[in-house]
Amino acid sequence: MVKQTIQIFARVKPSVRKQQQGIYSVDEDEKLASSLEIVLPRDLADGFVNNKRESYKFKFQRIFDQEAKQEIIFEIIAKPVAESTLAGYNGTIFAYGQTGSGKTFTITGGAERYSDRGIIPRTLSYIFEQLQKDSSKIYTTHISYLEIYNECGYDLLDPRHEASKLEDLPKVTILEDPDQNIHLKNLSLHQATTEEEALNLLFLGDTNRMIAETPMNQASTRSHCIFTVHLSSKEPGSATVRHAKLHLVDLAGSERVSKTGVGGLLLTEAKYINLSLHYLEQVIIALSEKHRTHIPYRNSMMTSVLRDSLGGNCMTTMIATLSLEKRNIDESISTCRFAQRVALIKNEAILNEEIDPRLMIVRLQKEIADLKAELAMVTGEQRTEALTEEELLQLEKLIASFVEDQDPESRLEVGADMRKIHHCFHHFKKLLNDKKTLENTVSSESTTQQACQEPLKDEEYTKLRSLLKQRDNEINILVNMLKKEKKKTQDALQYSSTEKSEARPPPNSPFIAGSPAGQRTSFSSSLSQTQDLSVYRHRSSLLHKKTGMREEMSLGRQEAFEIFKRDHADSVTIEDNKQVLKQRFSEAKALGESINEARSKIGQLKEAISQRHLQQVALGIAESMAPPSTPDPQEQKLRAQLEEEKSRYKTTFMRLKALKVEIEHLQLLMDKAKLKLQKEFEAWWAEEASSLQVNSPATNLQDAAKPFPQQDQTQLLSKKSSQGLEVENGAGKPDVCDRNARRILPSPCPSLHSQEPSDSSIQLQDRPSSIPLTGDRQTDSDILAFIKARQSILQKKCLGSN
Ligand code: ADP
Ligand code: MG
């Protein structure tokens with residue numbers, strides 16, 4: 001059992017503004033813990049009831065300041081928890097903080113770069129790496145992904161998710177067994193045999209979460225997500241199974257309801273925006289007070305699910321995410337206070353071992369049989385009937401393998417049957433006697449032979465010896481030749497079989513694409529094809545969702561989407577990632593080629609070594625010399641080269657394997673970004689469509705495509721659009737938090753490639769009428785015209801301001 005208080009860490013999100021300097025300081029000097037001091041600026045402190053305190057100090061195990069990279073967060077925070085999960089203990093890591101403070105960034109990772117991947121992908125990578133290394137146990141890994149929104153649980157990996165709204169899905173419910181263990185009904189567990197499979201499940205869940213989110217339900221800030229790795233392990237032959245769960249939790253934003261500034265709120269307990277966070281706090285308070293016996297876990301779904309993580313059988317770690325800017329000071333202090341309470345909670349983690357009943361039955365059955373036999377022997381109850389033919393045959397087989405077994409520890413197990421034991425003794429006696437007779441005959445034969453023969457003459461003797469040596473050499477050569485032929489045939493067979501298995505490479509495979517035609521690529525054989533297939537299946541389902549949406553678009557809307565996409569801030573990320581991906585693909589290709597090279601070099605070296613060997617033997621025969629006892633230096637050199645090539649092959653192979661995971665990750669990031677873009681476009685489109693139908697007669701809007709007087713431009717832009725423009729004119733880059741600004745054209749200055757208003761009416765007539773978008777063709781064309789008009793206004797604006 002491991003007793004441990006919940007570990008608390010703090011992470012400060014990087015800020016773009018300089019003004020926050022002086023708001024906080026980190027003191028790393030203290031021996032056991034670091035401390036974070038938040039200093040209230042004077043202007044804010046004045047607003048307090050109690051304005052004596054101007055700074056607050058909080059202790060954490062460690063504080064990660066703005067520049068801390070994802071890698072160090074994993075190494076320090078997540079790795080120890082992952083290690084204890086591998087050892088069989090439950091683990092939980094949860095991120096707590098206000099919206100925008102970096103919880104998702106820390107737990108899942110950033111959506112842009114591979115290096116930004118967060119705790120979940122890194123932990124998966126680490127766990128699978130460790131599992132591969134440890135061959136002493138048999139491991140099974142399952143993944144589940146639960147979202148709790150408005151006190152209801154949803155399975156983010158439910159296959160029906162793709163077609164449904166969040167509300168239509170069966171709810172995940174809590175069941176409690178008589179031992180008060182919590183079980184989650186309707187939460188699916190998915191086996192993952194590789195890192196890629198687990199990663200795909202993570203992205204699948206995230207995508208499902210994004211699809212289900214609507215402007216009405218901002219689930220990503222108000223819901224809790226619990227990604228769980230279920231790990232079971234067992235030693236071969238043992239009936240004891242260890243189970244461990246690792247929860248990686250991205251909690252809802254911890255902000256409170258009325259954010260009226262620091263004044264007044266700071267020292268009072270304000271209400272949470274999220275009810276279950278309020279219950280979480282109640283549980284934490286109850287746990288941190290020693291005398292409390294009742295802990296209100298049952299008040300909310302989240303506290304029920306995380307019951308073990310809080311004050312139970314689990315090693316738990318909290319990451320307080322802080323966005324330490326002036327306007328966030330009160331929330332940051334609340335987060336730190338919450339962490340201080342959490343740090344008081346003591347958990348007791350135990351090994352979760354369980355006996356597998358099926359394995360236990362087999363074991364018990366054998367034990368019963370042994371005991372019965374022993375009992376029969378002790379009680380003297382003997383069987384008198386003779387052994388059957390079959391029994392005798394089996395017994396002799398056992399004896400034969402026992403005699404042949406070189407292991408001094410080996411035993412002959414015949415059970416507690418006296419008939420069998422007697423038979424064994426008889427058999428051994430017979431074997432011994434037979435051997436004696438044989439030895440006697442051989443020795444008497446040889447003495448008679450020797451007595452009959454005359455002693456050999458010296459020269460005859462030498463002649464015979466040289467003949468014998470010659471024959472020996474001949475046999476050696478023949479044996480070598482035979483070996484070579486056999487190897488060739490084997491290679492040919494192997495080659496043809498791998499060619500067959502490689503006949504259908506998985507789509508997108510960077511490794512196959514890079515290899516010269518007909519050459520054997522070792523990855524496809526080494527990395528299991530089934531896993532690749534499942535990975536591609538996952539991805540294709542994501543892609544299908546995406547392209548499915550696209551196919552339904554009319555030409556007009558597609559064109560609008562292209563404009564929207566071009567000007568969207570995320571398209572830069574997508575483009576950047578495309579470039580990185582391209583680079584990685586060519587790296588993978590180069591690595592693939594280098595591996596193929598190493599492989600053929602290895603083959604050549606092996607061939608050269610055997611040639612050399614043969615040459616040496618031939619030389620020995622030609623010169624009638626005995627084979628040299630010292631090793632041949634040439635052969636040694638070749639062997640050293642062979643080892644070198646082998647290690648080059650191995651390192652390149654490992655690098656390629658890591659690259660494969662990175663490519664997979666980048667592709668998933670891109671899929672997700674594209675899907676997000678499309679979703680934002682759909683929302684914007686629907687909004688524009690409805691506002692156009694309400695506000696402007698279609699005919700007026702058709703005119704908008706034509707050049708129009710300056711005063712009309714502002715009328716054309718809807719209320720929201722002009723908000724977008726304000727943002728664009730202001731800070732330069734749109735604020736990430738300002739969704740309205742993003743939903744309109746998000747670029748500060750739309751690109752200046754001329755978007756000549758092409759004849760939209762022609763294109764729209766071509767549009768298949770069977771796939772209406774807004775349900776109204778006129779409106780579609782209106783919107784397109786409107787976008788184009790806006791485009792040209794914005795272009796003019798930009799040119800003007802330049
Ligand atoms: P939360 O989940 O707490 O609401 P996010 O993780 O979504 O917050 O972070 C908000 C924004 O800040 C995102 O765009 C994210 O990429 C960025 N961000 C957060 N933490 C960091 C960090 N440590 N480094 C760089 N960017 C960060
Ligand atoms: Mg988040």
# chains A, B, ... in the order shown; residues from 1 in each chain; ligands from 1
>>> residues_near_ligand(ligand="ligand 2", cutoff="7 Å", atoms="only C-alpha atoms and all ligand atoms", output="list in words")
Thr99, Gly100, Gly102, Lys103, Thr104, Ser220, Thr221 and Asp250 of chain A
>>> write_last_selection(atoms="all heavy atoms", output="short mmCIF file (atom, residue, chain, number, x, y, z; two decimals), in the first residue's frame")
data_model
loop_
_atom_site.label_atom_id
_atom_site.label_comp_id
_atom_site.auth_asym_id
_atom_site.auth_seq_id
_atom_site.Cartn_x
_atom_site.Cartn_y
_atom_site.Cartn_z
N THR A 99 -11.39 28.81 -17.72
CA THR A 99 -11.37 28.60 -19.17
C THR A 99 -10.25 29.45 -19.79
O THR A 99 -10.08 30.60 -19.42
CB THR A 99 -12.74 29.01 -19.76
OG1 THR A 99 -13.73 28.16 -19.19
CG2 THR A 99 -12.76 28.86 -21.27
N GLY A 100 -9.52 28.80 -20.68
CA GLY A 100 -8.44 29.53 -21.36
C GLY A 100 -7.12 29.51 -20.62
O GLY A 100 -6.15 30.10 -21.06
N GLY A 102 -5.30 26.84 -20.06
CA GLY A 102 -4.38 25.84 -20.59
C GLY A 102 -4.62 24.41 -20.11
O GLY A 102 -3.71 23.59 -20.16
N LYS A 103 -5.84 24.10 -19.68
CA LYS A 103 -6.12 22.72 -19.22
C LYS A 103 -6.03 21.74 -20.38
O LYS A 103 -5.31 20.75 -20.32
CB LYS A 103 -7.54 22.62 -18.61
CG LYS A 103 -7.73 23.43 -17.36
CD LYS A 103 -9.12 23.27 -16.80
CE LYS A 103 -10.22 23.77 -17.73
NZ LYS A 103 -10.20 25.20 -18.02
N THR A 104 -6.76 22.06 -21.46
CA THR A 104 -6.76 21.15 -22.61
C THR A 104 -5.37 21.08 -23.23
O THR A 104 -4.91 20.01 -23.61
CB THR A 104 -7.80 21.63 -23.65
OG1 THR A 104 -9.06 21.75 -22.97
CG2 THR A 104 -7.94 20.66 -24.79
N SER A 220 -17.15 22.34 -24.52
CA SER A 220 -15.72 22.21 -24.25
C SER A 220 -15.30 23.00 -23.01
O SER A 220 -14.31 22.68 -22.38
CB SER A 220 -14.90 22.64 -25.45
OG SER A 220 -15.16 23.98 -25.72
N THR A 221 -16.04 24.05 -22.66
CA THR A 221 -15.64 24.77 -21.45
C THR A 221 -16.47 24.33 -20.25
O THR A 221 -16.07 24.53 -19.13
CB THR A 221 -15.77 26.29 -21.62
OG1 THR A 221 -17.14 26.59 -21.83
CG2 THR A 221 -14.95 26.79 -22.76
N ASP A 250 -9.68 16.39 -17.95
CA ASP A 250 -9.71 17.79 -18.34
C ASP A 250 -11.02 18.36 -17.79
O ASP A 250 -12.09 18.09 -18.32
CB ASP A 250 -9.68 17.84 -19.89
CG ASP A 250 -9.58 19.25 -20.43
OD1 ASP A 250 -9.58 20.20 -19.63
OD2 ASP A 250 -9.51 19.39 -21.66
#
>>> residues_near_ligand(ligand="ligand 1", cutoff="8 Å", atoms="only C-alpha atoms and all ligand atoms", output="PyMOL selection string")
chain A and resi 11-14+66-70+96-107+109-111+116+220-221+250+252-253+321+736
>>> residues_around(residues="A:Met360", least_positions_apart="5", cutoff="12 Å", atoms="only C-alpha atoms", output="list in words")
Gly237, Ser238, Ala239, Thr240, Val241, Glu354, Ile355, Gln365, Lys366 and Glu367 of chain A
>>> closest_residue(among="A:Ala683, A:Ala640, A:Ile284, A:Ala608", to="A:Phe564", atoms="only C-alpha atoms")
A:Ala683
>>> residues_around(residues="A:Ile127", least_positions_apart="5", cutoff="10 Å", atoms="only C-alpha atoms", output="VMD selection string")
chain A and resid 79 82 to 83 85 to 86 121 to 122 132 to 133 141 194 to 195 229 231
>>> atom_distance(atom1="atom CA of A:Glu147", atom2="atom CA of A:Asn299")
17.3 Å
>>> residues_around(residues="stretch 25-27 of chain A", least_positions_apart="2", cutoff="6 Å", atoms="only C-alpha atoms", output="mmCIF file with C-alpha atoms, in the first residue's frame")
data_model
loop_
_atom_site.group_PDB
_atom_site.id
_atom_site.type_symbol
_atom_site.label_atom_id
_atom_site.label_comp_id
_atom_site.auth_asym_id
_atom_site.auth_seq_id
_atom_site.Cartn_x
_atom_site.Cartn_y
_atom_site.Cartn_z
ATOM 1 C CA ASP A 29 14.583 27.927 -3.490
ATOM 2 C CA SER A 34 8.155 25.795 -4.649
ATOM 3 C CA SER A 35 6.015 28.742 -3.832
ATOM 4 C CA LEU A 36 4.041 31.071 -5.985
ATOM 5 C CA GLU A 37 3.419 34.561 -4.792
#
>>> closest_residue(among="A:Leu199, A:Ile8, A:Arg292, A:Ser135", to="A:Arg62", atoms="only C-alpha atoms")
A:Ile8
>>> atom_distance(atom1="atom CA of A:Lys646", atom2="atom CA of A:Gln615")
24.5 Å
>>> select_by_dssp(residues="stretch 84-117 of chain A", states="helix (DSSP H, G or I)", output="list in words")
Ser84, Thr85, Leu86, Lys103, Thr104, Phe105, Thr106, Ile107, Tyr114, Ser115 and Asp116 of chain A
>>> write_last_selection(atoms="C-alpha atoms", output="mmCIF file, in the first residue's frame")
data_model
loop_
_atom_site.group_PDB
_atom_site.id
_atom_site.type_symbol
_atom_site.label_atom_id
_atom_site.label_comp_id
_atom_site.auth_asym_id
_atom_site.auth_seq_id
_atom_site.Cartn_x
_atom_site.Cartn_y
_atom_site.Cartn_z
ATOM 1 C CA SER A 84 2.741 3.499 -10.906
ATOM 2 C CA THR A 85 -0.099 2.509 -13.233
ATOM 3 C CA LEU A 86 2.279 0.103 -14.948
ATOM 4 C CA LYS A 103 -6.118 22.723 -19.218
ATOM 5 C CA THR A 104 -6.763 21.152 -22.608
ATOM 6 C CA PHE A 105 -3.339 22.250 -23.825
ATOM 7 C CA THR A 106 -1.762 20.482 -20.865
ATOM 8 C CA ILE A 107 -3.869 17.320 -20.886
ATOM 9 C CA TYR A 114 3.596 17.780 -32.808
ATOM 10 C CA SER A 115 5.840 19.129 -30.058
ATOM 11 C CA ASP A 116 2.730 20.568 -28.391
#
>>> residues_around(residues="A:Gln634", least_positions_apart="4", cutoff="12 Å", atoms="only C-alpha atoms", output="PDB file with N, CA and C atoms, in the first residue's frame")
ATOM      1  N   LEU A 605      26.930  -8.770 -47.322  1.00  0.00           N
ATOM      2  CA  LEU A 605      28.004  -9.123 -46.389  1.00  0.00           C
ATOM      3  C   LEU A 605      27.915 -10.593 -45.980  1.00  0.00           C
ATOM      4  N   ALA A 608      29.226 -12.522 -48.758  1.00  0.00           N
ATOM      5  CA  ALA A 608      30.683 -12.419 -48.847  1.00  0.00           C
ATOM      6  C   ALA A 608      31.361 -13.290 -47.798  1.00  0.00           C
ATOM      7  N   ILE A 609      30.779 -13.315 -46.617  1.00  0.00           N
ATOM      8  CA  ILE A 609      31.375 -14.114 -45.543  1.00  0.00           C
ATOM      9  C   ILE A 609      31.350 -15.600 -45.905  1.00  0.00           C
ATOM     10  N   SER A 610      30.212 -16.038 -46.440  1.00  0.00           N
ATOM     11  CA  SER A 610      30.151 -17.473 -46.739  1.00  0.00           C
ATOM     12  C   SER A 610      31.058 -17.815 -47.920  1.00  0.00           C
ATOM     13  N   GLN A 611      31.197 -16.854 -48.863  1.00  0.00           N
ATOM     14  CA  GLN A 611      32.122 -17.055 -49.997  1.00  0.00           C
ATOM     15  C   GLN A 611      33.551 -17.226 -49.478  1.00  0.00           C
ATOM     16  N   ARG A 612      33.882 -16.306 -48.592  1.00  0.00           N
ATOM     17  CA  ARG A 612      35.220 -16.291 -48.016  1.00  0.00           C
ATOM     18  C   ARG A 612      35.519 -17.627 -47.314  1.00  0.00           C
ATOM     19  N   HIS A 613      34.532 -18.075 -46.618  1.00  0.00           N
ATOM     20  CA  HIS A 613      34.644 -19.311 -45.887  1.00  0.00           C
ATOM     21  C   HIS A 613      34.937 -20.463 -46.841  1.00  0.00           C
ATOM     22  N   GLN A 615      36.127 -20.229 -49.825  1.00  0.00           N
ATOM     23  CA  GLN A 615      37.450 -20.049 -50.428  1.00  0.00           C
ATOM     24  C   GLN A 615      38.530 -20.636 -49.538  1.00  0.00           C
ATOM     25  N   GLN A 616      38.426 -20.339 -48.275  1.00  0.00           N
ATOM     26  CA  GLN A 616      39.410 -20.803 -47.313  1.00  0.00           C
ATOM     27  C   GLN A 616      39.474 -22.330 -47.313  1.00  0.00           C
ATOM     28  N   THR A 630      43.581 -20.286 -36.287  1.00  0.00           N
ATOM     29  CA  THR A 630      43.324 -18.868 -35.977  1.00  0.00           C
ATOM     30  C   THR A 630      42.265 -18.338 -36.946  1.00  0.00           C
ATOM     31  N   LEU A 638      34.832  -8.634 -42.270  1.00  0.00           N
ATOM     32  CA  LEU A 638      33.487  -8.705 -42.848  1.00  0.00           C
ATOM     33  C   LEU A 638      32.428  -8.813 -41.756  1.00  0.00           C
ATOM     34  N   ARG A 639      32.743  -9.603 -40.752  1.00  0.00           N
ATOM     35  CA  ARG A 639      31.774  -9.778 -39.651  1.00  0.00           C
ATOM     36  C   ARG A 639      31.552  -8.468 -38.902  1.00  0.00           C
ATOM     37  N   ALA A 640      32.653  -7.706 -38.711  1.00  0.00           N
ATOM     38  CA  ALA A 640      32.519  -6.416 -38.017  1.00  0.00           C
ATOM     39  C   ALA A 640      31.626  -5.479 -38.820  1.00  0.00           C
ATOM     40  N   GLN A 641      31.845  -5.502 -40.154  1.00  0.00           N
ATOM     41  CA  GLN A 641      31.009  -4.667 -41.030  1.00  0.00           C
ATOM     42  C   GLN A 641      29.543  -5.079 -40.927  1.00  0.00           C
TER      43      GLN A 641
END
>>> atom_distance(atom1="atom CA of A:Arg584", atom2="atom CA of A:Glu662")
8.3 Å
>>> residues_around(residues="A:Leu392", least_positions_apart="6", cutoff="10 Å", atoms="only C-alpha atoms", output="PyMOL selection string")
chain A and resi 386+398+420+423-424
>>> write_last_selection(atoms="N, CA and C atoms", output="short mmCIF file (atom, residue, chain, number, x, y, z; two decimals), in the first residue's frame")
data_model
loop_
_atom_site.label_atom_id
_atom_site.label_comp_id
_atom_site.auth_asym_id
_atom_site.auth_seq_id
_atom_site.Cartn_x
_atom_site.Cartn_y
_atom_site.Cartn_z
N ALA A 386 -4.56 -54.76 -15.28
CA ALA A 386 -3.33 -54.48 -16.03
C ALA A 386 -3.46 -53.18 -16.81
N LEU A 398 7.00 -41.42 -22.49
CA LEU A 398 7.45 -40.56 -21.38
C LEU A 398 8.87 -40.92 -20.96
N LYS A 420 2.19 -48.20 -12.75
CA LYS A 420 3.04 -47.45 -13.67
C LYS A 420 4.47 -47.37 -13.14
N HIS A 423 6.12 -50.60 -13.74
CA HIS A 423 6.44 -50.76 -15.16
C HIS A 423 7.69 -49.97 -15.53
N CYS A 424 7.80 -48.76 -14.96
CA CYS A 424 8.98 -47.94 -15.24
C CYS A 424 10.26 -48.65 -14.78
#
>>> closest_residue(among="A:Ile663, A:Met670, A:Ile23, A:Ile368", to="A:Asp330", atoms="only C-alpha atoms")
A:Ile23
>>> select_by_dssp(residues="stretch 227-332 of chain A", states="strand (DSSP E or B)", output="VMD selection string")
chain A and resid 227 to 234 240 to 250 256 272 315 to 322
>>> write_last_selection(atoms="C-alpha atoms", output="PDB file, in the first residue's frame")
ATOM      1  CA  PHE A 227      -9.804   9.735 -20.751  1.00  0.00           C
ATOM      2  CA  THR A 228      -9.068   6.411 -19.080  1.00  0.00           C
ATOM      3  CA  VAL A 229      -6.418   3.822 -19.804  1.00  0.00           C
ATOM      4  CA  HIS A 230      -7.389   0.440 -18.306  1.00  0.00           C
ATOM      5  CA  LEU A 231      -4.361  -1.774 -17.935  1.00  0.00           C
ATOM      6  CA  SER A 232      -4.399  -5.453 -16.942  1.00  0.00           C
ATOM      7  CA  SER A 233      -1.324  -7.553 -16.448  1.00  0.00           C
ATOM      8  CA  LYS A 234      -0.638 -11.144 -15.604  1.00  0.00           C
ATOM      9  CA  THR A 240      -3.543 -13.554 -10.580  1.00  0.00           C
ATOM     10  CA  VAL A 241      -4.450 -10.558 -12.691  1.00  0.00           C
ATOM     11  CA  ARG A 242      -3.593  -6.959 -11.833  1.00  0.00           C
ATOM     12  CA  HIS A 243      -5.888  -4.165 -12.935  1.00  0.00           C
ATOM     13  CA  ALA A 244      -4.993  -0.500 -12.916  1.00  0.00           C
ATOM     14  CA  LYS A 245      -6.808   2.537 -14.219  1.00  0.00           C
ATOM     15  CA  LEU A 246      -5.248   5.794 -15.267  1.00  0.00           C
ATOM     16  CA  HIS A 247      -7.679   8.713 -15.483  1.00  0.00           C
ATOM     17  CA  LEU A 248      -6.509  11.768 -17.390  1.00  0.00           C
ATOM     18  CA  VAL A 249      -9.031  14.471 -16.660  1.00  0.00           C
ATOM     19  CA  ASP A 250      -9.706  17.795 -18.342  1.00  0.00           C
ATOM     20  CA  ARG A 256     -17.427  31.639 -11.113  1.00  0.00           C
ATOM     21  CA  TYR A 272     -19.354  28.039  -9.715  1.00  0.00           C
ATOM     22  CA  MET A 315      -2.196   8.062  -6.795  1.00  0.00           C
ATOM     23  CA  THR A 316      -3.601  11.434  -7.717  1.00  0.00           C
ATOM     24  CA  THR A 317      -1.994  14.531  -9.124  1.00  0.00           C
ATOM     25  CA  MET A 318      -3.554  17.922  -9.756  1.00  0.00           C
ATOM     26  CA  ILE A 319      -2.301  20.529 -12.173  1.00  0.00           C
ATOM     27  CA  ALA A 320      -3.541  24.023 -11.407  1.00  0.00           C
ATOM     28  CA  THR A 321      -3.481  25.932 -14.670  1.00  0.00           C
ATOM     29  CA  LEU A 322      -3.145  29.678 -14.293  1.00  0.00           C
TER      30      LEU A 322
END
